[in-house]
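Printed here is entry.json (JSON, C-alpha atoms):
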[["chain", "number", "residue", "atom", "x", "y", "z"],
["G", 16, "MET", "CA", -5.50, 14.15, -2.88],
["G", 17, "THR", "CA", -9.19, 13.27, -2.82],
["G", 18, "GLY", "CA", -11.74, 14.34, -0.22],
["G", 19, "GLY", "CA", -11.46, 11.08, 1.75],
["G", 20, "LEU", "CA", -8.81, 8.72, 3.04],
["G", 21, "VAL", "CA", -7.82, 5.49, 1.32],
["G", 22, "LEU", "CA", -8.30, 2.34, 3.42],
["G", 23, "GLY", "CA", -6.38, -0.89, 2.86],
["G", 24, "ALA", "CA", -9.40, -3.00, 3.75],
["G", 25, "TYR", "CA", -8.13, -6.29, 2.31],
["G", 26, "SER", "CA", -5.65, -6.52, 5.20],
["G", 27, "LEU", "CA", -8.33, -5.54, 7.70],
["G", 28, "PHE", "CA", -10.59, -8.39, 6.59],
["G", 29, "ASP", "CA", -7.93, -11.10, 6.53],
["G", 30, "GLY", "CA", -9.47, -14.20, 8.08],
["G", 31, "VAL", "CA", -13.10, -13.21, 7.45],
["G", 32, "ALA", "CA", -15.06, -16.06, 5.87],
["G", 33, "ASP", "CA", -15.83, -15.63, 2.18],
["G", 34, "GLU", "CA", -19.57, -15.61, 2.75],
["G", 35, "ALA", "CA", -19.24, -12.66, 5.15],
["G", 36, "LEU", "CA", -16.92, -10.54, 3.02],
["G", 37, "ALA", "CA", -19.54, -8.68, 0.99],
["G", 38, "ASP", "CA", -21.28, -7.53, 4.18],
["G", 39, "ALA", "CA", -17.91, -6.61, 5.70],
["G", 40, "TYR", "CA", -17.09, -4.35, 2.77],
["G", 41, "ARG", "CA", -20.57, -2.85, 2.83],
["G", 42, "GLY", "CA", -19.97, -2.00, 6.49],
["G", 43, "LEU", "CA", -17.31, 0.42, 5.32],
["G", 44, "HIS", "CA", -19.88, 2.45, 3.41],
["G", 45, "ALA", "CA", -21.00, 3.99, 6.71],
["G", 46, "GLN", "CA", -17.46, 5.27, 7.39],
["G", 47, "PRO", "CA", -17.54, 8.98, 6.46],
["G", 48, "LEU", "CA", -13.75, 9.31, 6.33],
["G", 49, "VAL", "CA", -13.31, 6.66, 3.63],
["G", 50, "GLY", "CA", -12.90, 8.06, 0.14],
["G", 51, "GLY", "CA", -11.48, 4.97, -1.49],
["G", 52, "LEU", "CA", -9.96, 1.54, -1.05],
["G", 53, "GLU", "CA", -6.48, 0.15, -1.57],
["G", 54, "MET", "CA", -7.12, -3.21, -3.22],
["G", 55, "PRO", "CA", -4.94, -6.06, -4.52],
["G", 56, "LEU", "CA", -4.60, -6.60, -8.22],
["G", 57, "SER", "CA", -5.33, -10.24, -8.65],
["G", 58, "GLU", "CA", -5.65, -13.56, -6.95],
["G", 59, "ALA", "CA", -2.44, -13.54, -4.93],
["G", 60, "LEU", "CA", -4.66, -13.66, -1.83],
["G", 61, "GLY", "CA", -6.37, -16.87, -2.98],
["G", 62, "GLU", "CA", -10.17, -16.57, -3.00],
["G", 63, "ARG", "CA", -10.24, -13.14, -1.41],
["G", 64, "PRO", "CA", -12.24, -10.47, -3.29],
["G", 65, "CYS", "CA", -10.00, -8.45, -5.55],
["G", 66, "LEU", "CA", -10.21, -6.26, -8.60],
["G", 67, "GLY", "CA", -9.35, -9.10, -10.92],
["G", 68, "ASP", "CA", -12.05, -11.46, -9.59],
["G", 69, "PRO", "CA", -15.19, -11.32, -11.78],
["G", 70, "ARG", "CA", -17.33, -12.88, -9.02],
["G", 71, "TRP", "CA", -17.03, -9.66, -7.06],
["G", 72, "GLY", "CA", -16.24, -6.84, -9.46],
["G", 73, "LEU", "CA", -15.69, -3.24, -8.48],
["G", 74, "PRO", "CA", -19.33, -2.23, -7.85],
["G", 75, "ALA", "CA", -19.80, -5.04, -5.30],
["G", 76, "VAL", "CA", -17.29, -3.65, -2.82],
["G", 77, "VAL", "CA", -16.60, -0.04, -3.77],
["G", 78, "ALA", "CA", -19.13, 2.76, -3.36],
["G", 79, "ASP", "CA", -19.85, 4.66, -6.56],
["G", 80, "ASP", "CA", -18.18, 7.84, -5.28],
["G", 81, "TRP", "CA", -15.06, 6.08, -3.99],
["G", 82, "ASP", "CA", -11.69, 5.91, -5.70],
["G", 83, "VAL", "CA", -9.30, 2.97, -5.84],
["G", 84, "VAL", "CA", -5.57, 2.48, -5.34],
["G", 85, "ILE", "CA", -4.45, -0.81, -6.86],
["G", 86, "THR", "CA", -1.57, -2.46, -5.05],
["G", 87, "CYS", "CA", 0.57, -5.05, -6.79],
["G", 88, "VAL", "CA", 2.40, -6.18, -3.65],
["G", 89, "PRO", "CA", 0.29, -9.32, -2.98],
["G", 90, "THR", "CA", 0.94, -10.43, -6.57],
["G", 91, "VAL", "CA", 4.65, -9.65, -6.21],
["G", 92, "MET", "CA", 5.04, -11.61, -2.98],
["G", 93, "GLY", "CA", 3.03, -14.51, -4.33],
["G", 94, "GLN", "CA", 5.20, -14.70, -7.44],
["G", 95, "LEU", "CA", 8.44, -14.38, -5.46],
["G", 96, "ALA", "CA", 7.42, -17.35, -3.33],
["G", 97, "THR", "CA", 7.88, -19.60, -6.36],
["G", 98, "GLY", "CA", 10.18, -17.57, -8.61],
["G", 99, "PRO", "CA", 12.81, -15.39, -6.90],
["G", 100, "GLY", "CA", 13.68, -13.69, -10.20],
["G", 101, "TYR", "CA", 10.26, -12.07, -10.63],
["G", 102, "GLY", "CA", 9.95, -8.27, -10.50],
["G", 103, "LEU", "CA", 10.11, -4.96, -12.34],
["G", 104, "ALA", "CA", 13.74, -4.54, -11.25],
["G", 105, "SER", "CA", 14.77, -8.09, -12.08],
["G", 106, "THR", "CA", 17.95, -8.76, -13.98],
["G", 107, "ASN", "CA", 16.22, -11.93, -15.23],
["G", 108, "LEU", "CA", 14.49, -10.92, -18.45],
["G", 109, "ASP", "CA", 11.66, -13.45, -18.15],
["G", 110, "GLY", "CA", 11.01, -12.43, -14.55],
["G", 111, "ARG", "CA", 10.93, -8.78, -15.54],
["G", 112, "ARG", "CA", 8.60, -9.38, -18.46],
["G", 113, "ALA", "CA", 6.20, -11.30, -16.23],
["G", 114, "ALA", "CA", 6.09, -8.41, -13.75],
["G", 115, "VAL", "CA", 5.53, -5.85, -16.52],
["G", 116, "ALA", "CA", 2.64, -7.96, -17.82],
["G", 117, "ASP", "CA", 1.03, -8.00, -14.38],
["G", 118, "VAL", "CA", 1.27, -4.22, -13.97],
["G", 119, "ARG", "CA", -0.06, -3.81, -17.51],
["G", 120, "ARG", "CA", -3.20, -5.66, -16.34],
["G", 121, "ALA", "CA", -3.59, -3.09, -13.58],
["G", 122, "LEU", "CA", -3.23, -0.18, -15.99],
["G", 123, "ASP", "CA", -5.66, -1.77, -18.45],
["G", 124, "LEU", "CA", -8.12, -2.17, -15.59],
["G", 125, "ALA", "CA", -7.70, 1.51, -14.64],
["G", 126, "ARG", "CA", -8.62, 2.50, -18.16],
["G", 127, "ALA", "CA", -11.60, 0.10, -18.28],
["G", 128, "LEU", "CA", -12.95, 1.37, -14.97],
["G", 129, "ALA", "CA", -12.67, 4.97, -16.15],
["G", 130, "ASP", "CA", -14.55, 4.10, -19.33],
["G", 131, "HIS", "CA", -17.26, 2.35, -17.30],
["G", 132, "SER", "CA", -17.59, 5.13, -14.69],
["G", 133, "GLY", "CA", -17.13, 8.15, -16.92],
["G", 134, "ARG", "CA", -14.37, 9.43, -14.63],
["G", 135, "ARG", "CA", -11.01, 8.40, -13.21],
["G", 136, "ARG", "CA", -11.58, 5.68, -10.63],
["G", 137, "VAL", "CA", -7.99, 4.48, -10.06],
["G", 138, "LEU", "CA", -5.86, 7.14, -8.40],
["G", 139, "ALA", "CA", -2.68, 5.08, -8.53],
["G", 140, "VAL", "CA", -1.21, 1.69, -9.21],
["G", 141, "GLU", "CA", 1.36, 0.86, -6.54],
["G", 142, "VAL", "CA", 4.36, -1.03, -7.93],
["G", 143, "GLN", "CA", 7.44, -2.38, -6.18],
["G", 144, "SER", "CA", 11.14, -2.62, -7.04],
["G", 145, "ALA", "CA", 11.31, -6.40, -6.62],
["G", 146, "PRO", "CA", 13.09, -8.81, -6.46],
["G", 147, "ARG", "CA", 15.64, -8.98, -3.64],
["G", 148, "ARG", "CA", 18.65, -6.74, -4.17],
["G", 149, "ALA", "CA", 21.00, -9.53, -5.31],
["G", 150, "LEU", "CA", 18.74, -10.22, -8.31],
["G", 151, "ALA", "CA", 17.74, -6.62, -9.06],
["G", 152, "SER", "CA", 19.17, -3.53, -10.71],
["G", 153, "GLN", "CA", 18.28, 0.12, -10.99],
["G", 154, "ALA", "CA", 18.68, -0.05, -14.77],
["G", 155, "ALA", "CA", 16.20, -2.93, -15.09],
["G", 156, "PHE", "CA", 13.68, -1.06, -12.94],
["G", 157, "GLU", "CA", 14.01, 2.05, -15.10],
["G", 158, "ALA", "CA", 13.48, 0.01, -18.27],
["G", 159, "SER", "CA", 10.31, -1.56, -16.87],
["G", 160, "LEU", "CA", 8.81, 1.73, -15.75],
["G", 161, "ALA", "CA", 9.67, 3.40, -19.07],
["G", 162, "GLU", "CA", 7.75, 0.65, -20.86],
["G", 163, "LEU", "CA", 4.75, 0.96, -18.52],
["G", 164, "LEU", "CA", 4.61, 4.73, -19.00],
["G", 165, "THR", "CA", 3.78, 4.16, -22.66],
["G", 166, "ILE", "CA", 0.40, 2.71, -21.61],
["G", 167, "GLU", "CA", -2.63, 4.98, -21.36],
["G", 168, "ALA", "CA", -4.09, 4.54, -17.87],
["G", 169, "ALA", "CA", -6.85, 7.18, -17.65],
["G", 170, "GLY", "CA", -4.95, 9.40, -15.23],
["G", 171, "ALA", "CA", -3.75, 6.70, -12.84],
["G", 172, "VAL", "CA", -0.32, 7.41, -11.39],
["G", 173, "LEU", "CA", 2.38, 4.76, -11.19],
["G", 174, "ALA", "CA", 3.38, 4.96, -7.52],
["G", 175, "VAL", "CA", 6.61, 3.19, -6.64],
["G", 176, "GLU", "CA", 5.85, 1.87, -3.15],
["G", 177, "HIS", "CA", 9.08, 1.87, -1.19],
["G", 178, "CYS", "CA", 9.51, -1.34, 0.76],
["G", 179, "ASP", "CA", 12.23, -2.07, 3.28],
["G", 180, "ALA", "CA", 15.64, -2.37, 1.65],
["G", 181, "THR", "CA", 18.20, -4.96, 2.76],
["G", 182, "ARG", "CA", 20.37, -4.11, 5.76],
["G", 183, "PRO", "CA", 23.46, -6.09, 6.88],
["G", 184, "GLY", "CA", 22.79, -8.69, 9.54],
["G", 185, "ARG", "CA", 19.00, -8.55, 9.21],
["G", 186, "GLN", "CA", 16.39, -10.63, 7.48],
["G", 187, "PRO", "CA", 14.36, -8.10, 5.47],
["G", 188, "ALA", "CA", 10.58, -8.21, 5.19],
["G", 189, "LYS", "CA", 10.87, -7.36, 1.49],
["G", 190, "GLY", "CA", 14.49, -6.42, 0.70],
["G", 191, "PHE", "CA", 13.96, -4.43, -2.52],
["G", 192, "LEU", "CA", 15.87, -1.41, -3.92],
["G", 193, "GLU", "CA", 17.03, 1.54, -1.84],
["G", 194, "ILE", "CA", 14.79, 4.60, -1.80],
["G", 195, "SER", "CA", 17.66, 6.62, -3.31],
["G", 196, "GLU", "CA", 17.72, 4.25, -6.29],
["G", 197, "GLU", "CA", 13.95, 4.41, -6.73],
["G", 198, "LEU", "CA", 13.96, 8.22, -6.60],
["G", 199, "ALA", "CA", 16.85, 8.32, -9.07],
["G", 200, "VAL", "CA", 14.82, 6.24, -11.54],
["G", 201, "ILE", "CA", 11.77, 8.47, -11.07],
["G", 202, "ALA", "CA", 13.90, 11.58, -11.64],
["G", 203, "ALA", "CA", 15.51, 10.09, -14.74],
["G", 204, "LEU", "CA", 12.15, 9.28, -16.33],
["G", 205, "ASP", "CA", 10.79, 12.73, -15.40],
["G", 206, "ASP", "CA", 7.09, 11.99, -15.93],
["G", 207, "SER", "CA", 4.25, 13.49, -13.91],
["G", 208, "ARG", "CA", 2.49, 10.10, -14.02],
["G", 209, "LEU", "CA", 5.25, 8.55, -11.91],
["G", 210, "GLY", "CA", 5.99, 9.08, -8.23],
["G", 211, "LEU", "CA", 6.91, 7.40, -4.96],
["G", 212, "SER", "CA", 4.64, 6.25, -2.14],
["G", 213, "VAL", "CA", 5.73, 5.66, 1.43],
["G", 214, "ASN", "CA", 4.28, 3.02, 3.73],
["G", 215, "TRP", "CA", 5.04, 4.16, 7.29],
["G", 216, "GLY", "CA", 5.48, 0.68, 8.69],
["G", 217, "ARG", "CA", 7.75, -0.60, 5.94],
["G", 218, "SER", "CA", 10.02, 2.43, 6.27],
["G", 219, "ALA", "CA", 10.12, 2.00, 10.06],
["G", 220, "ILE", "CA", 11.03, -1.68, 9.56],
["G", 221, "GLU", "CA", 13.90, -0.73, 7.26],
["G", 222, "GLY", "CA", 15.45, 1.76, 9.68],
["G", 223, "ARG", "CA", 14.28, 0.14, 12.93],
["G", 224, "SER", "CA", 13.20, 3.64, 13.82],
["G", 225, "ILE", "CA", 10.14, 5.90, 13.88],
["G", 226, "GLN", "CA", 12.27, 8.60, 12.26],
["G", 227, "THR", "CA", 12.87, 6.63, 9.05],
["G", 228, "PRO", "CA", 9.36, 7.18, 7.64],
["G", 229, "GLU", "CA", 9.77, 10.92, 8.18],
["G", 230, "GLU", "CA", 13.13, 10.84, 6.41],
["G", 231, "HIS", "CA", 11.69, 8.94, 3.46],
["G", 232, "VAL", "CA", 8.71, 11.28, 3.15],
["G", 233, "ALA", "CA", 11.02, 14.30, 3.31],
["G", 234, "LEU", "CA", 13.26, 12.85, 0.57],
["G", 235, "ALA", "CA", 10.36, 12.17, -1.78],
["G", 236, "ALA", "CA", 8.71, 15.52, -1.08],
["G", 237, "ALA", "CA", 11.93, 17.49, -1.57],
["G", 238, "ALA", "CA", 12.36, 15.81, -4.95],
["G", 239, "GLY", "CA", 8.78, 16.67, -5.86],
["G", 240, "HIS", "CA", 7.85, 13.01, -6.23],
["G", 241, "LEU", "CA", 5.68, 12.16, -3.19],
["G", 242, "ALA", "CA", 2.71, 10.38, -4.78],
["G", 243, "GLY", "CA", 1.22, 8.60, -1.78],
["G", 244, "LEU", "CA", 1.45, 8.02, 1.96],
["G", 245, "MET", "CA", -0.10, 5.05, 3.75],
["G", 246, "PHE", "CA", -0.06, 4.79, 7.53],
["G", 247, "SER", "CA", 0.53, 1.15, 8.40],
["G", 248, "GLY", "CA", 2.20, 0.60, 11.74],
["G", 249, "ALA", "CA", 5.03, -1.55, 13.06],
["G", 250, "SER", "CA", 6.21, -2.84, 16.41],
["G", 251, "ASP", "CA", 9.59, -3.60, 17.92],
["G", 252, "VAL", "CA", 8.15, -6.45, 20.00],
["G", 253, "ALA", "CA", 6.41, -9.70, 19.02],
["G", 254, "GLY", "CA", 2.63, -9.83, 19.14],
["G", 255, "PRO", "CA", -0.44, -11.28, 17.44],
["G", 256, "TRP", "CA", 0.72, -9.70, 14.15],
["G", 257, "GLY", "CA", 4.00, -11.64, 14.18],
["G", 258, "GLU", "CA", 7.59, -11.16, 15.27],
["G", 259, "ALA", "CA", 9.18, -7.83, 16.12],
["G", 260, "TRP", "CA", 9.57, -5.65, 13.03],
["G", 261, "ALA", "CA", 7.29, -7.90, 10.97],
["G", 262, "ASP", "CA", 5.36, -6.33, 8.10],
["G", 263, "GLY", "CA", 2.07, -7.00, 9.91],
["G", 264, "HIS", "CA", 0.12, -3.77, 9.25],
["G", 265, "VAL", "CA", -0.04, -3.03, 12.97],
["G", 266, "ALA", "CA", -2.80, -0.54, 13.78],
["G", 267, "PRO", "CA", -1.98, 2.79, 15.45],
["G", 268, "ARG", "CA", -2.01, 3.01, 19.24],
["G", 269, "GLY", "CA", -5.56, 3.43, 20.52],
["G", 270, "ALA", "CA", -7.22, 2.14, 17.35],
["G", 271, "GLY", "CA", -9.41, -0.41, 19.06],
["G", 272, "PRO", "CA", -12.25, -0.96, 21.53],
["G", 273, "GLY", "CA", -10.12, -0.07, 24.58],
["G", 274, "ALA", "CA", -7.77, 2.78, 25.46],
["G", 275, "SER", "CA", -4.82, 0.35, 25.62],
["G", 276, "ALA", "CA", -5.54, -1.25, 22.25],
["G", 277, "TRP", "CA", -2.47, -1.72, 20.06],
["G", 278, "SER", "CA", -0.30, -0.20, 22.79],
["G", 279, "GLU", "CA", 2.76, -1.96, 21.34],
["G", 280, "SER", "CA", 2.44, -0.09, 18.05],
["G", 281, "LEU", "CA", 5.15, 2.45, 17.29],
["G", 282, "LEU", "CA", 2.63, 4.48, 15.29],
["G", 283, "GLY", "CA", 0.40, 7.00, 17.05],
["G", 284, "ARG", "CA", -1.16, 10.37, 16.43],
["G", 285, "GLU", "CA", 2.09, 12.27, 17.06],
["G", 286, "GLU", "CA", 4.09, 10.05, 14.70],
["G", 287, "ILE", "CA", 1.41, 10.55, 12.05],
["G", 288, "ARG", "CA", 1.56, 14.32, 12.55],
["G", 289, "GLN", "CA", 5.36, 14.45, 12.38],
["G", 290, "THR", "CA", 5.37, 12.40, 9.19],
["G", 291, "LEU", "CA", 2.89, 14.77, 7.58],
["G", 292, "VAL", "CA", 5.02, 17.73, 8.70],
["G", 293, "ALA", "CA", 8.00, 16.08, 6.99],
["G", 294, "ALA", "CA", 6.15, 16.36, 3.68],
["G", 295, "GLY", "CA", 6.70, 20.11, 3.89],
["G", 296, "GLY", "CA", 3.37, 21.02, 2.31],
["G", 297, "CYS", "CA", 3.71, 18.54, -0.56],
["G", 298, "VAL", "CA", 0.25, 17.04, -1.06],
["G", 299, "PRO", "CA", 0.29, 13.41, -2.27],
["G", 300, "GLN", "CA", -2.17, 11.92, -4.72],
["G", 301, "PHE", "CA", -3.49, 9.67, -1.94],
["G", 302, "LEU", "CA", -3.29, 9.48, 1.83],
["G", 303, "GLY", "CA", -4.56, 6.57, 3.81],
["G", 304, "VAL", "CA", -4.43, 3.78, 6.36],
["G", 305, "LYS", "CA", -3.62, 0.08, 6.06],
["G", 306, "VAL", "CA", -4.35, -1.93, 9.21],
["G", 307, "THR", "CA", -5.14, -5.47, 10.18],
["G", 308, "ALA", "CA", -6.98, -6.98, 13.14],
["G", 309, "HIS", "CA", -5.81, -9.79, 15.43],
["G", 310, "PRO", "CA", -6.49, -12.48, 16.33],
["G", 311, "ARG", "CA", -8.13, -13.77, 13.15],
["G", 312, "SER", "CA", -11.25, -14.58, 15.19],
["G", 313, "VAL", "CA", -11.97, -10.87, 15.76],
["G", 314, "SER", "CA", -15.48, -10.04, 14.58],
["G", 315, "VAL", "CA", -16.26, -7.87, 11.57],
["G", 316, "ARG", "CA", -17.81, -5.30, 13.93],
["G", 317, "GLU", "CA", -14.56, -5.06, 15.93],
["G", 318, "ARG", "CA", -12.53, -4.77, 12.72],
["G", 319, "LEU", "CA", -14.71, -1.88, 11.58],
["G", 320, "ILE", "CA", -14.06, -0.17, 14.93],
["G", 321, "VAL", "CA", -10.30, -0.55, 14.40],
["G", 322, "ALA", "CA", -10.62, 0.94, 10.91],
["G", 323, "ALA", "CA", -12.78, 3.86, 12.07],
["G", 324, "ARG", "CA", -10.43, 4.83, 14.89],
["G", 325, "ALA", "CA", -7.32, 4.48, 12.77],
["G", 326, "LEU", "CA", -8.91, 6.72, 10.14],
["G", 327, "GLU", "CA", -9.87, 9.23, 12.83],
["G", 328, "LEU", "CA", -6.28, 9.38, 14.11],
["G", 329, "VAL", "CA", -4.97, 10.18, 10.62],
["G", 330, "ALA", "CA", -7.76, 12.69, 9.97],
["G", 331, "LEU", "CA", -7.06, 14.50, 13.26],
["G", 332, "ALA", "CA", -3.33, 14.61, 12.58],
["G", 333, "ALA", "CA", -3.93, 15.78, 9.02],
["G", 334, "ASP", "CA", -6.37, 18.53, 9.98],
["G", 335, "GLY", "CA", -5.20, 21.63, 8.13],
["G", 336, "TYR", "CA", -2.58, 19.66, 6.19]]

Can the structure from this file be put into structure tokens for me?
Amino acid sequence: MTGGLVLGAYSLFDGVADEALADAYRGLHAQPLVGGLEMPLSEALGERPCLGDPRWGLPAVVADDWDVVITCVPTVMGQLATGPGYGLASTNLDGRRAAVADVRRALDLARALADHSGRRRVLAVEVQSAPRRALASQAAFEASLAELLTIEAAGAVLAVEHCDATRPGRQPAKGFLEISEELAVIAALDDSRLGLSVNWGRSAIEGRSIQTPEEHVALAAAAGHLAGLMFSGASDVAGPWGEAWADGHVAPRGAGPGASAWSESLLGREEIRQTLVAAGGCVPQFLGVKVTAHPRSVSVRERLIVAARALELVALAADGY
């Protein structure tokens, strides 16, 4: 794990006008706890700045001493909106090949950035076990990851980001493979460049419980495969972020201008601490925060306050970790 926390800033700045985005990202440079950014791979977010957008490029939004975690989830969800057979775990060969090609772009970018910077810049590329369970298989996922592990990526880890798996009687936010299946694939491939990352909110959504993220972290850590941990919250009631149990990147309780800010969030300092304890001393490649700000009219200044306080909550909970 690096000296700073990873911030999922692209969610934080959702709704910020394009002309204000460069200044918004530069506002993060004054945040001492930030050591890197989680950023989307390509243009799944439309005209938002991303690693694949030459108008912005890495130097425009990432400080020279920061690292990067590339997330493929915006690309995955964008592709699934038009082609339900897309994904690394797809039983549809064309859908699987398309997903492999997208992740290959991320790994090629990791290598190019390392060549440009003279050091590893991409800590991890987060991949997902899409598509929905009815169109996916563990064997297909293993085949995709085996192919991707043949690509030189300048030290970047392939981090399988666990997303909520399907549960009877519920509409899933993502609905991908079970964590047991993902860990079985990782164990079978037995490669130090492959691990599992846990998003607190997505695990809580799957289990409808604040204990589920702890259980998932404990499983990955016990197997020796905990590659990353991102603290993104969830809520069991509807709010500005969406319906109850929506994947809305709810900020931790207290991460805002007032003491009651984000009071509906299930994630707080104690939940962060307990999740870190569940890791049992296993240190992931990256640790961070992914939050949003609502309503969309919230100013950049207020968004930066949310980010700073969320980062502080994780840093306090992680003190001595």

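Summary of the local environment: counting all atoms listed in the file, residues at most 9 Å from stretch 97-102 of chain G, other than itself and those fewer than 6 positions away along its chain, are Val91, Leu108, Asp109, Gly110, Arg111, Arg112, Ala113, Ala114, Val115, Gln143, Ser144, Ala145, Pro146, Arg147, Leu150, Ala151 and Phe156 of chain G.
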
G:Leu22 surroundings by all atoms listed in the file, 10 Å radius, close-in-sequence under 3 positions cut, as an MDAnalysis selection string: chainID G and resid 19 25:27 43 48:54 83:84 245:246 302:306 322:323 325:326

d(atom CA of G:Val252, atom CA of G:Ser280) in Å: 8.8 Å

Quick one: contact table of stretch 130-205 of chain G to stretch 211-227 of chain G, 10 Å max, nearest atom pair and distance in Å to one decimal per residue, counting only C-alpha atoms, chain and number order, as a Markdown table?
| residue | atom | partner | partner_atom | distance |
| --- | --- | --- | --- | --- |
| G:Ala139 | CA | G:Ser212 | CA | 9.8 |
| G:Glu141 | CA | G:Ser212 | CA | 7.7 |
| G:Val142 | CA | G:Leu211 | CA | 9.3 |
| G:Gln143 | CA | G:Leu211 | CA | 9.9 |
| G:Val172 | CA | G:Leu211 | CA | 9.7 |
| G:Leu173 | CA | G:Leu211 | CA | 8.1 |
| G:Ala174 | CA | G:Leu211 | CA | 5.0 |
| G:Val175 | CA | G:Leu211 | CA | 4.5 |
| G:Glu176 | CA | G:Ser212 | CA | 4.7 |
| G:His177 | CA | G:Val213 | CA | 5.7 |
| G:Cys178 | CA | G:Arg217 | CA | 5.5 |
| G:Asp179 | CA | G:Glu221 | CA | 4.5 |
| G:Ala180 | CA | G:Glu221 | CA | 6.1 |
| G:Thr181 | CA | G:Glu221 | CA | 7.5 |
| G:Arg182 | CA | G:Glu221 | CA | 7.5 |
| G:Arg185 | CA | G:Glu221 | CA | 9.5 |
| G:Pro187 | CA | G:Glu221 | CA | 7.6 |
| G:Ala188 | CA | G:Ile220 | CA | 7.9 |
| G:Lys189 | CA | G:Arg217 | CA | 8.7 |
| G:Gly190 | CA | G:Glu221 | CA | 8.7 |
| G:Glu193 | CA | G:Glu221 | CA | 9.9 |
| G:Ile194 | CA | G:Leu211 | CA | 8.9 |
| G:Glu197 | CA | G:Leu211 | CA | 7.9 |
| G:Leu198 | CA | G:Leu211 | CA | 7.3 |
| G:Ile201 | CA | G:Leu211 | CA | 7.9 |

Those residues you just picked out, can you put them in a file as a PDB file, in the frame of the given file with C-alpha atoms?
ATOM      1  CA  ALA G 139      -2.680   5.080  -8.530  1.00  0.00           C
ATOM      2  CA  GLU G 141       1.360   0.860  -6.540  1.00  0.00           C
ATOM      3  CA  VAL G 142       4.360  -1.030  -7.930  1.00  0.00           C
ATOM      4  CA  GLN G 143       7.440  -2.380  -6.180  1.00  0.00           C
ATOM      5  CA  VAL G 172      -0.320   7.410 -11.390  1.00  0.00           C
ATOM      6  CA  LEU G 173       2.380   4.760 -11.190  1.00  0.00           C
ATOM      7  CA  ALA G 174       3.380   4.960  -7.520  1.00  0.00           C
ATOM      8  CA  VAL G 175       6.610   3.190  -6.640  1.00  0.00           C
ATOM      9  CA  GLU G 176       5.850   1.870  -3.150  1.00  0.00           C
ATOM     10  CA  HIS G 177       9.080   1.870  -1.190  1.00  0.00           C
ATOM     11  CA  CYS G 178       9.510  -1.340   0.760  1.00  0.00           C
ATOM     12  CA  ASP G 179      12.230  -2.070   3.280  1.00  0.00           C
ATOM     13  CA  ALA G 180      15.640  -2.370   1.650  1.00  0.00           C
ATOM     14  CA  THR G 181      18.200  -4.960   2.760  1.00  0.00           C
ATOM     15  CA  ARG G 182      20.370  -4.110   5.760  1.00  0.00           C
ATOM     16  CA  ARG G 185      19.000  -8.550   9.210  1.00  0.00           C
ATOM     17  CA  PRO G 187      14.360  -8.100   5.470  1.00  0.00           C
ATOM     18  CA  ALA G 188      10.580  -8.210   5.190  1.00  0.00           C
ATOM     19  CA  LYS G 189      10.870  -7.360   1.490  1.00  0.00           C
ATOM     20  CA  GLY G 190      14.490  -6.420   0.700  1.00  0.00           C
ATOM     21  CA  GLU G 193      17.030   1.540  -1.840  1.00  0.00           C
ATOM     22  CA  ILE G 194      14.790   4.600  -1.800  1.00  0.00           C
ATOM     23  CA  GLU G 197      13.950   4.410  -6.730  1.00  0.00           C
ATOM     24  CA  LEU G 198      13.960   8.220  -6.600  1.00  0.00           C
ATOM     25  CA  ILE G 201      11.770   8.470 -11.070  1.00  0.00           C
TER      26      ILE G 201
END

Test item: which residues lie within 9 Å of (-16.1, 0.5, 6.9) counting all atoms listed in the file, as a ChimeraX atom specification: /G:22,24,39-47,49,318-320,322-323

Pick from G:Leu20, G:Leu241, G:Val137, G:Ala235, whichever lies nearest to G:Glu327 using only C-alpha atoms: G:Leu20

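For the pair atom CA of G:Glu230 and atom CA of G:Ala249, the separation is 16.2 Å.
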
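Taking all atoms listed in the file into account, G:Gly248 lies nearest to G:Pro267 out of the set G:Gly170, G:Pro310, G:Pro267, G:Gly210.
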
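Between atom CA of G:Ile166 and atom CA of G:Ala236 the interatomic distance comes to 25.6 Å.
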
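Take the candidates G:Ser132, G:Gln153, G:Thr290, G:Gln94 and check each one against G:Glu229 using all atoms listed in the file; the shortest distance goes to G:Thr290.
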
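Checking G:Glu157, G:Glu162, G:Asp130, G:Asp123 one by one against G:Glu196, counting all atoms listed in the file, you find the shortest gap at G:Glu157.
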